[in-house]
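Student: My structure file coords-v5.txt, compact mmCIF, C-alpha atoms, is below:
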# COMPACT_ATOMS: atom_id res chain seq x y z
CA MET A 1 46.75 20.44 14.85
CA LYS A 2 48.49 20.56 18.27
CA HIS A 3 51.97 19.31 19.31
CA LEU A 4 52.41 17.91 22.83
CA PRO A 5 56.00 17.20 24.19
CA LEU A 6 56.74 13.97 26.08
CA ILE A 7 58.74 14.25 29.34
CA THR A 8 61.97 12.22 29.91
CA SER A 9 61.84 10.31 33.19
CA SER A 10 63.61 7.71 35.34
CA LEU A 11 61.55 4.66 36.14
CA ALA A 12 61.94 2.22 39.02
CA PHE A 13 60.76 -1.33 38.48
CA VAL A 14 59.76 -3.55 41.38
CA LEU A 15 60.12 -7.22 40.63
CA LEU A 16 58.16 -9.58 42.80
CA SER A 17 59.21 -13.17 42.82
CA GLY A 18 56.22 -15.38 43.64
CA CYS A 19 55.35 -15.14 47.35
CA ASP A 20 58.97 -14.94 48.55
CA ASP A 21 59.74 -12.44 51.25
CA ASP A 22 62.88 -11.33 49.42
CA VAL A 23 62.23 -8.41 47.13
CA GLU A 24 64.86 -7.29 44.68
CA ILE A 25 64.76 -3.67 43.63
CA VAL A 26 66.37 -2.80 40.32
CA GLU A 27 66.84 0.78 39.19
CA LYS A 28 67.26 1.49 35.51
CA ASP A 29 67.34 4.76 33.60
CA VAL A 30 64.92 4.94 30.72
CA VAL A 31 65.70 7.64 28.20
CA VAL A 32 62.96 8.91 25.95
CA THR A 33 63.95 11.05 23.02
CA ASN A 34 62.23 14.35 22.39
CA THR A 35 59.06 13.22 20.61
CA THR A 36 55.94 15.06 19.66
CA VAL A 37 52.47 13.59 19.31
CA LYS A 38 50.21 15.03 16.66
CA VAL A 39 46.58 15.49 17.81
CA ILE A 40 44.34 15.99 14.79
CA GLU A 41 41.16 17.95 15.31
CA VAL A 42 38.29 16.29 13.37
CA PRO A 43 35.33 18.49 12.43
CA THR A 44 32.08 17.58 14.19
CA PRO A 45 29.85 15.68 11.72
CA VAL A 46 26.60 17.25 10.62
CA ILE A 47 23.67 15.07 11.68
CA VAL A 48 20.43 15.41 9.73
CA GLU A 49 17.44 14.30 11.76
CA VAL A 50 14.92 12.23 9.84
CA ALA A 51 11.38 11.76 11.07
CA LYS A 52 10.79 8.66 13.13
CA GLY A 53 9.75 5.81 10.89
CA ASP A 54 12.55 6.24 8.37
CA ALA A 55 14.09 3.00 7.19
CA PRO A 56 17.08 2.27 4.96
CA ASP A 57 14.89 0.45 2.43
CA ILE A 58 12.72 3.45 1.48
CA GLN A 59 13.37 3.77 -2.25
CA LEU A 60 11.13 6.17 -4.16
CA GLY A 61 12.81 5.97 -7.53
CA THR A 62 12.32 8.58 -10.26
CA ARG A 63 8.60 8.49 -11.05
CA ALA A 64 7.72 11.20 -8.56
CA ASP A 65 10.39 13.41 -10.15
CA TYR A 66 8.85 12.75 -13.56
CA LEU A 67 5.39 13.76 -12.33
CA ILE A 68 6.71 16.92 -10.69
CA ASP A 69 8.64 17.91 -13.83
CA ASP A 70 5.39 17.48 -15.77
CA MET A 71 3.40 19.79 -13.47
CA ASP A 72 2.23 23.25 -14.46
CA GLU A 73 4.41 26.00 -13.01
CA GLY A 74 3.24 27.24 -9.64
CA GLU A 75 3.69 27.23 -5.89
CA LEU A 76 2.96 23.53 -5.49
CA LYS A 77 5.51 22.50 -8.11
CA THR A 78 8.14 24.73 -6.51
CA LYS A 79 7.43 23.21 -3.10
CA LEU A 80 7.66 19.63 -4.35
CA GLU A 81 10.84 20.37 -6.33
CA SER A 82 12.47 21.62 -3.14
CA CYS A 83 12.17 18.14 -1.62
CA LYS A 84 13.98 16.15 -4.29
CA ASP A 85 16.86 15.34 -1.94
CA GLY A 86 14.56 14.08 0.82
CA PRO A 87 14.64 12.89 3.50
CA PHE A 88 11.89 10.39 2.64
CA TYR A 89 10.26 8.07 5.13
CA ARG A 90 7.42 5.61 5.57
CA THR A 91 4.01 7.11 6.25
CA ASP A 92 0.49 5.78 6.84
CA PHE A 93 -0.80 8.44 4.43
CA SER A 94 0.51 6.11 1.70
CA ILE A 95 -1.41 2.82 1.26
CA GLY A 96 -0.20 0.14 -1.14
CA HIS A 97 -3.27 -0.75 -3.22
CA ARG A 98 -2.85 -4.48 -3.88
CA GLY A 99 0.85 -3.80 -3.26
CA ALA A 100 2.48 -1.92 -6.13
CA PRO A 101 0.58 -3.32 -9.16
CA MET A 102 1.57 -0.63 -11.63
CA GLN A 103 4.68 -2.74 -12.26
CA TYR A 104 4.41 -5.89 -10.09
CA PRO A 105 1.72 -8.58 -10.24
CA GLU A 106 -0.95 -7.58 -7.73
CA HIS A 107 -1.30 -9.38 -4.41
CA THR A 108 2.05 -11.13 -4.70
CA LYS A 109 4.97 -11.15 -2.31
CA GLU A 110 6.98 -9.14 -4.80
CA SER A 111 4.27 -6.48 -5.13
CA TYR A 112 3.84 -6.16 -1.36
CA THR A 113 7.58 -5.90 -0.76
CA ALA A 114 7.92 -3.20 -3.41
CA ALA A 115 5.11 -1.18 -1.79
CA ALA A 116 6.83 -1.28 1.60
CA ARG A 117 10.13 -0.23 0.07
CA MET A 118 8.36 2.74 -1.51
CA GLY A 119 7.20 4.02 1.84
CA ALA A 120 3.69 2.60 2.14
CA GLY A 121 2.87 2.46 5.84
CA VAL A 122 -0.23 0.35 5.15
CA ILE A 123 -0.64 -2.46 2.59
CA GLU A 124 -3.79 -4.14 1.32
CA CYS A 125 -4.62 -7.84 0.99
CA ASP A 126 -7.98 -8.41 -0.70
CA VAL A 127 -9.37 -11.53 0.95
CA THR A 128 -11.34 -14.36 -0.63
CA PHE A 129 -11.47 -18.14 -0.14
CA THR A 130 -10.59 -21.43 -1.81
CA SER A 131 -12.70 -24.57 -2.23
CA ASP A 132 -11.50 -25.77 1.20
CA LYS A 133 -12.51 -22.41 2.75
CA GLU A 134 -8.96 -21.14 3.27
CA LEU A 135 -8.39 -17.41 2.97
CA VAL A 136 -6.10 -16.08 0.22
CA CYS A 137 -5.14 -12.71 -1.27
CA ARG A 138 -6.91 -11.95 -4.57
CA HIS A 139 -8.74 -8.86 -5.74
CA SER A 140 -11.72 -10.93 -6.85
CA GLN A 141 -12.80 -14.46 -6.11
CA CYS A 142 -12.99 -15.08 -9.85
CA ASP A 143 -9.98 -13.33 -11.39
CA LEU A 144 -7.46 -16.18 -11.59
CA HIS A 145 -7.78 -16.31 -15.39
CA THR A 146 -6.50 -12.71 -15.69
CA THR A 147 -4.09 -12.49 -12.72
CA THR A 148 -2.39 -15.91 -12.71
CA ASN A 149 -1.13 -18.62 -15.05
CA ILE A 150 -3.97 -21.05 -14.23
CA LEU A 151 -5.07 -21.41 -17.87
CA ALA A 152 -1.59 -22.63 -18.78
CA ILE A 153 -1.88 -25.55 -16.34
CA ASP A 154 -4.20 -28.07 -17.97
CA GLU A 155 -5.12 -29.91 -14.76
CA LEU A 156 -6.23 -26.71 -13.01
CA ALA A 157 -7.70 -25.04 -16.09
CA ALA A 158 -10.06 -28.00 -16.33
CA LYS A 159 -11.48 -27.04 -12.91
CA CYS A 160 -12.34 -23.45 -13.89
CA SER A 161 -15.98 -22.36 -13.64
CA ALA A 162 -15.89 -21.50 -17.35
CA PRO A 163 -13.13 -22.82 -19.65
CA PHE A 164 -11.21 -20.66 -22.06
CA THR A 165 -13.25 -19.86 -25.16
CA PRO A 166 -11.43 -18.26 -28.11
CA ALA A 167 -12.63 -15.07 -29.75
CA ASP A 168 -14.97 -15.43 -32.70
CA SER A 169 -14.30 -12.61 -35.13
CA ALA A 170 -17.28 -13.54 -37.31
CA SER A 171 -19.79 -12.99 -34.52
CA GLY A 172 -17.75 -10.38 -32.67
CA THR A 173 -17.66 -12.55 -29.54
CA PRO A 174 -14.59 -11.83 -27.37
CA ALA A 175 -12.39 -14.48 -25.83
CA SER A 176 -13.43 -15.45 -22.30
CA ALA A 177 -12.77 -17.63 -19.27
CA LYS A 178 -13.73 -17.69 -15.58
CA CYS A 179 -11.47 -19.21 -12.97
CA CYS A 180 -12.23 -18.76 -9.26
CA THR A 181 -10.31 -19.40 -6.07
CA SER A 182 -13.32 -21.45 -4.96
CA ASP A 183 -12.73 -23.77 -7.94
CA ILE A 184 -9.48 -25.09 -6.46
CA SER A 185 -7.95 -26.06 -3.11
CA LEU A 186 -5.45 -24.03 -1.15
CA ALA A 187 -2.65 -26.42 -2.11
CA GLU A 188 -3.53 -25.99 -5.79
CA PHE A 189 -3.77 -22.21 -5.40
CA LEU A 190 -0.23 -22.03 -4.06
CA THR A 191 1.14 -23.75 -7.18
CA LEU A 192 0.02 -20.81 -9.33
CA GLU A 193 2.15 -17.83 -10.33
CA GLY A 194 0.89 -14.28 -10.40
CA LYS A 195 0.99 -12.21 -13.57
CA MET A 196 0.01 -8.67 -14.46
CA ASP A 197 -3.77 -8.33 -14.49
CA GLY A 198 -5.11 -8.39 -18.02
CA ALA A 199 -6.48 -10.48 -20.88
CA ASN A 200 -6.54 -10.16 -24.65
CA PRO A 201 -10.20 -10.24 -25.78
CA GLN A 202 -9.14 -10.93 -29.38
CA ALA A 203 -7.20 -14.07 -28.43
CA THR A 204 -7.69 -17.34 -30.26
CA SER A 205 -5.36 -19.29 -27.93
CA VAL A 206 -4.60 -19.42 -24.23
CA ASP A 207 -1.12 -17.96 -24.80
CA GLU A 208 -2.60 -14.97 -26.64
CA TYR A 209 -5.31 -14.54 -24.01
CA MET A 210 -2.76 -14.29 -21.21
CA GLN A 211 -0.88 -11.52 -23.04
CA GLY A 212 -3.19 -8.66 -22.07
CA THR A 213 -1.10 -6.32 -19.94
CA PRO A 214 -2.03 -2.65 -20.59
CA SER A 215 0.66 -0.80 -22.53
CA TRP A 216 1.32 1.65 -19.70
CA ARG A 217 2.22 -1.14 -17.27
CA THR A 218 5.04 -3.63 -17.70
CA ASP A 219 5.75 -7.37 -17.71
CA LEU A 220 9.41 -6.87 -16.75
CA TYR A 221 8.77 -8.04 -13.18
CA ALA A 222 5.98 -10.50 -13.87
CA THR A 223 7.84 -13.70 -14.59
CA SER A 224 7.20 -15.43 -11.26
CA GLY A 225 4.77 -13.64 -8.96
CA THR A 226 4.48 -15.43 -5.61
CA LEU A 227 0.85 -15.90 -4.53
CA MET A 228 0.04 -15.69 -0.83
CA THR A 229 -2.49 -16.89 1.67
CA HIS A 230 -4.04 -14.31 3.97
CA LYS A 231 -1.96 -15.61 6.87
CA GLN A 232 1.21 -15.49 4.80
CA SER A 233 0.48 -11.86 3.95
CA ILE A 234 0.09 -11.06 7.66
CA GLU A 235 3.45 -12.62 8.46
CA LEU A 236 5.08 -10.75 5.58
CA PHE A 237 3.56 -7.43 6.65
CA LYS A 238 4.79 -8.01 10.20
CA ALA A 239 8.30 -8.62 8.85
CA LEU A 240 8.06 -5.49 6.69
CA ASP A 241 6.81 -3.54 9.74
CA VAL A 242 3.74 -2.14 7.99
CA LYS A 243 0.10 -1.89 9.01
CA MET A 244 -2.54 -3.97 7.26
CA THR A 245 -5.85 -3.25 5.52
CA PRO A 246 -7.57 -6.47 4.47
CA GLU A 247 -10.64 -6.15 2.26
CA LEU A 248 -13.31 -8.82 2.56
CA LYS A 249 -14.29 -9.49 -1.05
CA SER A 250 -17.86 -10.19 -2.03
CA PRO A 251 -18.29 -13.93 -2.69
CA GLN A 252 -19.17 -14.88 -6.26
CA VAL A 253 -20.62 -18.15 -5.09
CA SER A 254 -23.82 -18.68 -3.13
CA MET A 255 -23.52 -18.27 0.61
CA PRO A 256 -23.44 -20.21 2.84
CA PHE A 257 -20.57 -21.93 1.03
CA ASP A 258 -20.02 -25.49 2.24
CA GLY A 259 -21.59 -24.47 5.55
CA MET A 260 -19.67 -21.15 5.88
CA THR A 261 -22.00 -18.16 6.28
CA GLN A 262 -21.16 -14.57 5.33
CA GLN A 263 -20.71 -13.64 9.01
CA GLN A 264 -18.44 -16.62 9.62
CA TYR A 265 -16.41 -15.55 6.59
CA ALA A 266 -16.17 -11.99 7.95
CA GLN A 267 -15.17 -13.25 11.40
CA LYS A 268 -12.63 -15.73 10.01
CA MET A 269 -10.72 -12.89 8.41
CA LEU A 270 -10.35 -11.03 11.71
CA ASP A 271 -9.61 -14.20 13.65
CA GLU A 272 -6.44 -14.76 11.63
CA TYR A 273 -5.03 -11.47 12.94
CA THR A 274 -5.79 -12.56 16.49
CA GLN A 275 -4.19 -15.95 15.90
CA LEU A 276 -1.01 -14.26 14.63
CA ASP A 277 -0.87 -11.75 17.52
CA VAL A 278 -1.44 -8.60 15.47
CA PRO A 279 -2.55 -5.63 17.63
CA SER A 280 -5.94 -4.28 16.56
CA ASN A 281 -4.50 -0.78 16.05
CA ARG A 282 -2.43 -2.12 13.13
CA VAL A 283 -5.42 -3.48 11.21
CA TYR A 284 -7.98 -1.59 9.07
CA PRO A 285 -10.58 -4.17 7.92
CA GLN A 286 -12.61 -2.97 4.93
CA SER A 287 -15.60 -4.00 2.86
CA PHE A 288 -17.97 -2.63 0.21
CA ASN A 289 -20.69 -4.51 2.06
CA LEU A 290 -22.03 -2.25 4.82
CA ASP A 291 -23.41 -5.26 6.65
CA ASP A 292 -19.88 -6.66 6.98
CA VAL A 293 -18.72 -3.39 8.52
CA LYS A 294 -21.67 -3.32 10.91
CA TYR A 295 -20.93 -6.90 11.92
CA TRP A 296 -17.32 -6.02 12.77
CA ILE A 297 -18.39 -2.93 14.69
CA ASN A 298 -20.97 -4.84 16.73
CA ASN A 299 -18.92 -7.99 17.35
CA ASN A 300 -15.29 -6.81 17.33
CA PRO A 301 -15.23 -3.54 19.29
CA ASP A 302 -11.42 -3.30 19.28
CA LEU A 303 -11.59 -2.75 15.53
CA ALA A 304 -14.65 -0.49 15.56
CA ASN A 305 -12.62 2.71 15.18
CA GLN A 306 -10.59 1.32 12.26
CA SER A 307 -13.08 -0.63 10.17
CA VAL A 308 -13.56 0.97 6.76
CA TYR A 309 -16.72 1.22 4.67
CA LEU A 310 -15.69 1.24 1.01
CA ASP A 311 -18.26 3.33 -0.80
CA GLY A 312 -19.18 1.87 -4.17
CA ARG A 313 -22.65 3.40 -4.31
CA ASP A 314 -21.78 5.26 -7.50
CA SER A 315 -22.82 2.07 -9.28
CA GLU A 316 -26.38 2.61 -8.06
CA ALA A 317 -28.78 4.35 -10.43
CA GLY A 318 -29.31 7.99 -9.59
CA PHE A 319 -26.37 8.36 -7.20
CA ASP A 320 -24.93 11.88 -7.42
CA PRO A 321 -22.06 13.03 -5.13
CA SER A 322 -23.32 16.61 -5.45
CA ASN A 323 -26.86 15.76 -4.26
CA PRO A 324 -27.23 14.48 -0.66
CA ASP A 325 -30.78 13.32 -1.40
CA THR A 326 -29.32 10.50 -3.51
CA TRP A 327 -27.11 9.10 -0.74
CA GLN A 328 -28.70 6.18 1.03
CA PRO A 329 -27.79 5.91 3.81
CA SER A 330 -26.87 9.52 4.55
CA MET A 331 -23.59 10.55 6.15
CA GLU A 332 -25.34 11.04 9.47
CA GLU A 333 -26.94 7.59 9.25
CA LEU A 334 -23.55 6.00 8.59
CA VAL A 335 -22.21 7.64 11.74
CA THR A 336 -25.24 6.39 13.70
CA ASP A 337 -24.47 2.87 12.43
CA GLY A 338 -21.00 3.21 13.95
CA VAL A 339 -19.01 3.87 10.78
CA LYS A 340 -15.88 5.95 11.48
CA ILE A 341 -13.97 5.71 8.21
CA LEU A 342 -15.46 6.12 4.73
CA ALA A 343 -13.49 5.30 1.57
CA PRO A 344 -14.92 6.47 -1.79
CA PRO A 345 -13.17 6.66 -5.16
CA ILE A 346 -11.11 9.80 -5.78
CA TRP A 347 -13.60 11.42 -8.15
CA MET A 348 -16.47 11.37 -5.65
CA MET A 349 -14.58 13.73 -3.35
CA LEU A 350 -13.60 16.31 -5.98
CA SER A 351 -15.33 18.95 -8.06
CA ILE A 352 -14.46 22.00 -10.16
CA ASP A 353 -15.35 25.55 -9.11
CA ASN A 354 -16.15 28.54 -11.34
CA ASN A 355 -12.45 29.32 -11.69
CA ASN A 356 -11.64 25.83 -13.01
CA LYS A 357 -9.95 24.98 -9.72
CA ILE A 358 -10.21 21.51 -8.17
CA VAL A 359 -12.12 21.71 -4.89
CA PRO A 360 -13.85 19.34 -2.43
CA SER A 361 -17.20 17.96 -3.58
CA GLN A 362 -20.42 18.26 -1.61
CA TYR A 363 -19.97 14.59 -0.75
CA ALA A 364 -16.58 15.28 0.86
CA ILE A 365 -17.83 18.40 2.65
CA ASP A 366 -20.82 16.59 4.17
CA ALA A 367 -18.76 13.53 5.15
CA LYS A 368 -16.30 15.67 7.08
CA ALA A 369 -19.12 17.68 8.66
CA ALA A 370 -20.68 14.45 9.91
CA GLY A 371 -17.39 13.49 11.57
CA LEU A 372 -16.29 10.78 9.14
CA LYS A 373 -12.64 10.21 8.30
CA LEU A 374 -11.93 9.72 4.59
CA ILE A 375 -9.62 7.50 2.54
CA ALA A 376 -9.28 7.91 -1.25
CA TRP A 377 -8.83 5.20 -3.89
CA SER A 378 -6.89 4.71 -6.14
CA LEU A 379 -4.07 6.90 -7.42
CA GLU A 380 -1.91 5.63 -10.32
CA ARG A 381 -4.66 3.17 -11.26
CA SER A 382 -5.30 4.92 -14.58
CA GLY A 383 -2.94 5.22 -17.49
CA PRO A 384 -1.54 8.55 -18.72
CA LEU A 385 -3.81 11.45 -17.79
CA LYS A 386 -3.53 13.53 -20.97
CA GLU A 387 -7.10 12.62 -21.91
CA GLY A 388 -8.74 13.19 -18.53
CA GLY A 389 -7.75 10.12 -16.52
CA GLY A 390 -10.83 7.92 -16.94
CA TYR A 391 -12.97 6.60 -14.07
CA TYR A 392 -10.92 7.87 -11.14
CA TYR A 393 -10.91 11.49 -12.35
CA GLN A 394 -14.28 11.72 -14.08
CA SER A 395 -15.58 14.62 -11.97
CA ILE A 396 -12.54 16.76 -12.81
CA ALA A 397 -11.69 15.46 -16.30
CA ASP A 398 -12.11 18.93 -17.83
CA VAL A 399 -9.03 20.23 -15.97
CA ILE A 400 -6.85 17.08 -16.19
CA ASP A 401 -4.50 17.03 -19.17
CA ASN A 402 -1.09 15.77 -18.03
CA ASP A 403 0.44 13.30 -15.61
CA GLY A 404 1.69 16.10 -13.38
CA ASP A 405 -1.93 16.86 -12.48
CA MET A 406 -1.78 13.75 -10.29
CA MET A 407 0.24 15.72 -7.74
CA THR A 408 -2.36 18.49 -7.79
CA VAL A 409 -5.06 15.93 -7.05
CA VAL A 410 -3.02 14.55 -4.13
CA ASP A 411 -2.55 18.07 -2.79
CA VAL A 412 -6.27 18.88 -2.90
CA LEU A 413 -7.17 15.56 -1.28
CA ALA A 414 -4.62 16.14 1.47
CA LYS A 415 -5.10 19.82 2.25
CA ASP A 416 -8.63 20.73 1.15
CA VAL A 417 -10.56 17.49 1.51
CA GLY A 418 -8.45 16.34 4.44
CA VAL A 419 -8.24 12.61 3.68
CA MET A 420 -6.36 10.47 6.19
CA ALA A 421 -4.75 8.31 3.47
CA ILE A 422 -4.61 7.57 -0.26
CA PHE A 423 -4.51 4.15 -1.91
CA SER A 424 -2.05 4.04 -4.78
CA ASP A 425 -0.87 1.47 -7.32
CA TRP A 426 2.59 3.09 -7.08
CA PRO A 427 2.98 4.17 -3.42
CA ALA A 428 6.19 6.14 -4.02
CA THR A 429 4.15 9.00 -5.49
CA VAL A 430 2.10 9.48 -2.32
CA SER A 431 5.12 8.79 -0.09
CA TYR A 432 7.05 11.59 -1.81
CA TYR A 433 4.22 14.06 -1.24
CA ALA A 434 3.77 13.01 2.40
CA SER A 435 7.46 13.25 3.23
CA CYS A 436 7.78 16.61 1.49
CA ASN A 437 4.91 17.97 3.57
CA LYS A 438 6.27 16.44 6.78
CA MET A 439 3.22 14.30 7.44
CA PRO A 440 3.46 11.95 10.45
CA ALA A 441 5.78 8.98 9.99
CA SER A 442 4.51 5.43 10.32
CA ILE A 443 5.31 4.04 13.76
Output the structure of this file as structure tokens.

Tutor:
Amino acid sequence: MKHLPLITSSLAFVLLSGCDDDVEIVEKDVVVTNTTVKVIEVPTPVIVEVAKGDAPDIQLGTRADYLIDDMDEGELKTKLESCKDGPFYRTDFSIGHRGAPMQYPEHTKESYTAAARMGAGVIECDVTFTSDKELVCRHSQCDLHTTTNILAIDELAAKCSAPFTPADSASGTPASAKCCTSDISLAEFLTLEGKMDGANPQATSVDEYMQGTPSWRTDLYATSGTLMTHKQSIELFKALDVKMTPELKSPQVSMPFDGMTQQQYAQKMLDEYTQLDVPSNRVYPQSFNLDDVKYWINNNPDLANQSVYLDGRDSEAGFDPSNPDTWQPSMEELVTDGVKILAPPIWMMLSIDNNNKIVPSQYAIDAKAAGLKLIAWSLERSGPLKEGGGYYYQSIADVIDNDGDMMTVVDVLAKDVGVMAIFSDWPATVSYYASCNKMPASI
């Protein structure tokens, strides 16, 4: 603190009266008492620089902490523990798979918003169409009976491809229904509410059938999921300032549908981004249908470098990620076709070596050698991992025995396989890892 004295002085005031020529000068002594002014020195604030892309709405919550606490002791756990105070930021390494459907109804406004708040730099809208050929966000054309309340609305339930049929315990026949977006109009679709994906196969009533949420998910946030058209999702993603990865879903009706061919369907999806002024570098169109990807590459060159071939060939008889002879087409042939980005399930890119360590599979090694970029799907899609993790971890099930192993899988995918991004049903987990390892921020 410093004290500065004020000086006593005599002041002369000049009074001007309008524009008169007469000027009156008045002298008056002004006495100032001996006063000191206190100048307080304020310490310079410490400014912590956060990577570009940080936003005040990044909220990772406590799940990542839980997973890290559950990890086996080691260098990776120590590294991740050191980041518990952040800073955390949005990154394109983290993709919201259907939003954040571990706790929010998939493909709803609420699920998408949660994913963005958890740091997902890219969010997915699975695209299908209604009876009037309007594009909407649903994981499957025919999943309305498990992901919405359509069966509870008599007028719309009557339009379903297959009505609700109760379980028959005597014959062992499970309860069933089949309701498709193509069964109803866009206006009718928008009256539905999203719910957590699931159905009770033992149900004898519609109410029982709709109560099928897996025990490791929750219905706490599933009371009023807001369904969205494809265009509405684009507008929301623009407002959330995230990139977009629409997946063109395989139609479950015969094509052409009411005159719309498969190629027109594929083009319509991209056209809606053009209509809404979305730059091509913010869109990653994807499909399990290689012909869709080839169509985009050949007819939409601006998106050629960012179109994604989702690899579901593990459903083909004889496919083996450790044997290149079973891959048709080969990695090199995919590159020749113009494919730049390949997205297989997590398990296809991982294997176990002789020391029981998780390592890249032959599939992953050959894909990278051919020049393909890789995206993995989908983390947090399984329940607790104490029994091996199910489908997504089948190639490494022998070394998976706790939830903390999820972080080990992310680490191997990031550092050893070298994936460009990971789909997750709870993006905060991937966002935590990416921020801790100072991966590029989403811009």

Student: For a quick check of understanding, using all atoms listed in the file, which of A:Val308, A:Ala376, A:Ala158, A:Leu334 has the smallest distance to Trp347 (chain A)?

Tutor: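 Nearest to Trp347 (chain A): A:Ala376.
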
Student: Could you list, as a PDB file with C-alpha atoms, in the frame of the given file, every residue within 12 Å of Leu76 (chain A), counting all atoms listed in the file and ignoring same-chain residues fewer than 4 positions away?

Tutor:
ATOM      1  CA  ILE A  68       6.710  16.920 -10.690  1.00  0.00           C
ATOM      2  CA  ASP A  69       8.640  17.910 -13.830  1.00  0.00           C
ATOM      3  CA  MET A  71       3.400  19.790 -13.470  1.00  0.00           C
ATOM      4  CA  ASP A  72       2.230  23.250 -14.460  1.00  0.00           C
ATOM      5  CA  LEU A  80       7.660  19.630  -4.350  1.00  0.00           C
ATOM      6  CA  GLU A  81      10.840  20.370  -6.330  1.00  0.00           C
ATOM      7  CA  SER A  82      12.470  21.620  -3.140  1.00  0.00           C
ATOM      8  CA  CYS A  83      12.170  18.140  -1.620  1.00  0.00           C
ATOM      9  CA  GLY A 404       1.690  16.100 -13.380  1.00  0.00           C
ATOM     10  CA  ASP A 405      -1.930  16.860 -12.480  1.00  0.00           C
ATOM     11  CA  MET A 406      -1.780  13.750 -10.290  1.00  0.00           C
ATOM     12  CA  MET A 407       0.240  15.720  -7.740  1.00  0.00           C
ATOM     13  CA  THR A 408      -2.360  18.490  -7.790  1.00  0.00           C
ATOM     14  CA  VAL A 409      -5.060  15.930  -7.050  1.00  0.00           C
ATOM     15  CA  VAL A 410      -3.020  14.550  -4.130  1.00  0.00           C
ATOM     16  CA  ASP A 411      -2.550  18.070  -2.790  1.00  0.00           C
ATOM     17  CA  VAL A 412      -6.270  18.880  -2.900  1.00  0.00           C
ATOM     18  CA  LYS A 415      -5.100  19.820   2.250  1.00  0.00           C
ATOM     19  CA  TYR A 433       4.220  14.060  -1.240  1.00  0.00           C
ATOM     20  CA  CYS A 436       7.780  16.610   1.490  1.00  0.00           C
ATOM     21  CA  ASN A 437       4.910  17.970   3.570  1.00  0.00           C
TER      22      ASN A 437
END

Student: Which polymer residues have any atom within 7 Å of an atom of Leu310 (chain A), counting all atoms listed in the file, with same-chain residues fewer than 2 positions away left out, as a ChimeraX atom specification?

Tutor: /A:286-288,308,312,342-344

Student: I'd like the contact shell of Tyr104 (chain A) - 7 Å cut-off, all atoms listed in the file, skipping same-chain residues fewer than 2 positions apart - returned as a count of residues only.

Tutor: 9

Student: Interatomic distance between CA of Tyr66 (chain A) and CA of Ser435 (chain A)?

Tutor: 16.9 Å

Student: Quick one: distance from CA of Met210 (chain A) to CA of Lys386 (chain A) in Å, one decimal?

Tutor: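 Here the two named atoms are 27.8 Å from each other.
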
Student: Just give me the residues with any atom within 10 Å of (-12.3, -23.7, -15.2), file coordinates, counting all atoms listed in the file, written as number ranges by chain.

Tutor: A: 144-145, 150-151, 154-164, 177-180, 183-184

Student: Neighbouring residues of Lys133 (chain A) were defined as those with any atom within 10 Å, considering only C-alpha atoms; residues of the same chain fewer than 6 positions away were excluded. Please report them as an mmCIF file with C-alpha atoms, keeping the file's coordinate frame.

Tutor:
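Generated output (around.cif):
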data_model
loop_
_atom_site.group_PDB
_atom_site.id
_atom_site.type_symbol
_atom_site.label_atom_id
_atom_site.label_comp_id
_atom_site.auth_asym_id
_atom_site.auth_seq_id
_atom_site.Cartn_x
_atom_site.Cartn_y
_atom_site.Cartn_z
ATOM 1 C CA THR A 181 -10.310 -19.400 -6.070
ATOM 2 C CA SER A 182 -13.320 -21.450 -4.960
ATOM 3 C CA SER A 185 -7.950 -26.060 -3.110
ATOM 4 C CA LEU A 186 -5.450 -24.030 -1.150
ATOM 5 C CA PHE A 257 -20.570 -21.930 1.030
ATOM 6 C CA ASP A 258 -20.020 -25.490 2.240
ATOM 7 C CA GLY A 259 -21.590 -24.470 5.550
ATOM 8 C CA MET A 260 -19.670 -21.150 5.880
ATOM 9 C CA TYR A 265 -16.410 -15.550 6.590
ATOM 10 C CA LYS A 268 -12.630 -15.730 10.010
#

Student: Tell me, in Å to one decimal, how far CA of Ala304 (chain A) is from CA of Asp325 (chain A).

Tutor: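 Value for the CA of Ala304 (chain A)-CA of Asp325 (chain A) distance: 27.2 Å.
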
Student: Compile a residue-level contact table for region 343-413 of chain A against region 327-331 of chain A at a cut-off of 10 Å, reporting for every qualifying residue the shortest atom pair and its distance in Å to one decimal, with all atoms listed in the file counted, rows ordered by chain and ascending number, as JSON lines.

Tutor:
{"residue": "A:Tyr363", "atom": "CA", "partner": "A:Met331", "partner_atom": "CA", "distance": 8.8}
{"residue": "A:Ala364", "atom": "CA", "partner": "A:Met331", "partner_atom": "CA", "distance": 10.0}
{"residue": "A:Asp366", "atom": "CA", "partner": "A:Met331", "partner_atom": "CA", "distance": 6.9}
{"residue": "A:Ala367", "atom": "CA", "partner": "A:Met331", "partner_atom": "CA", "distance": 5.8}
{"residue": "A:Lys368", "atom": "CA", "partner": "A:Met331", "partner_atom": "CA", "distance": 9.0}
{"residue": "A:Ala369", "atom": "CA", "partner": "A:Met331", "partner_atom": "CA", "distance": 8.8}
{"residue": "A:Ala370", "atom": "CA", "partner": "A:Met331", "partner_atom": "CA", "distance": 6.1}
{"residue": "A:Gly371", "atom": "CA", "partner": "A:Met331", "partner_atom": "CA", "distance": 8.7}
{"residue": "A:Leu372", "atom": "CA", "partner": "A:Met331", "partner_atom": "CA", "distance": 7.9}

Student: Between A:Pro251, A:Pro301, A:Pro214, A:Pro427, single out the one closest to Arg63 (chain A), counting all atoms listed in the file.

Tutor: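 When distances to Arg63 (chain A) are compared using all atoms listed in the file, the smallest one comes from A:Pro427.
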
Student: Of the candidates A:Asn300, A:Arg217, A:Met244, A:Ile234, which shows the shortest atom-to-atom distance to Ser382 (chain A), using only C-alpha atoms?

Tutor: A:Arg217
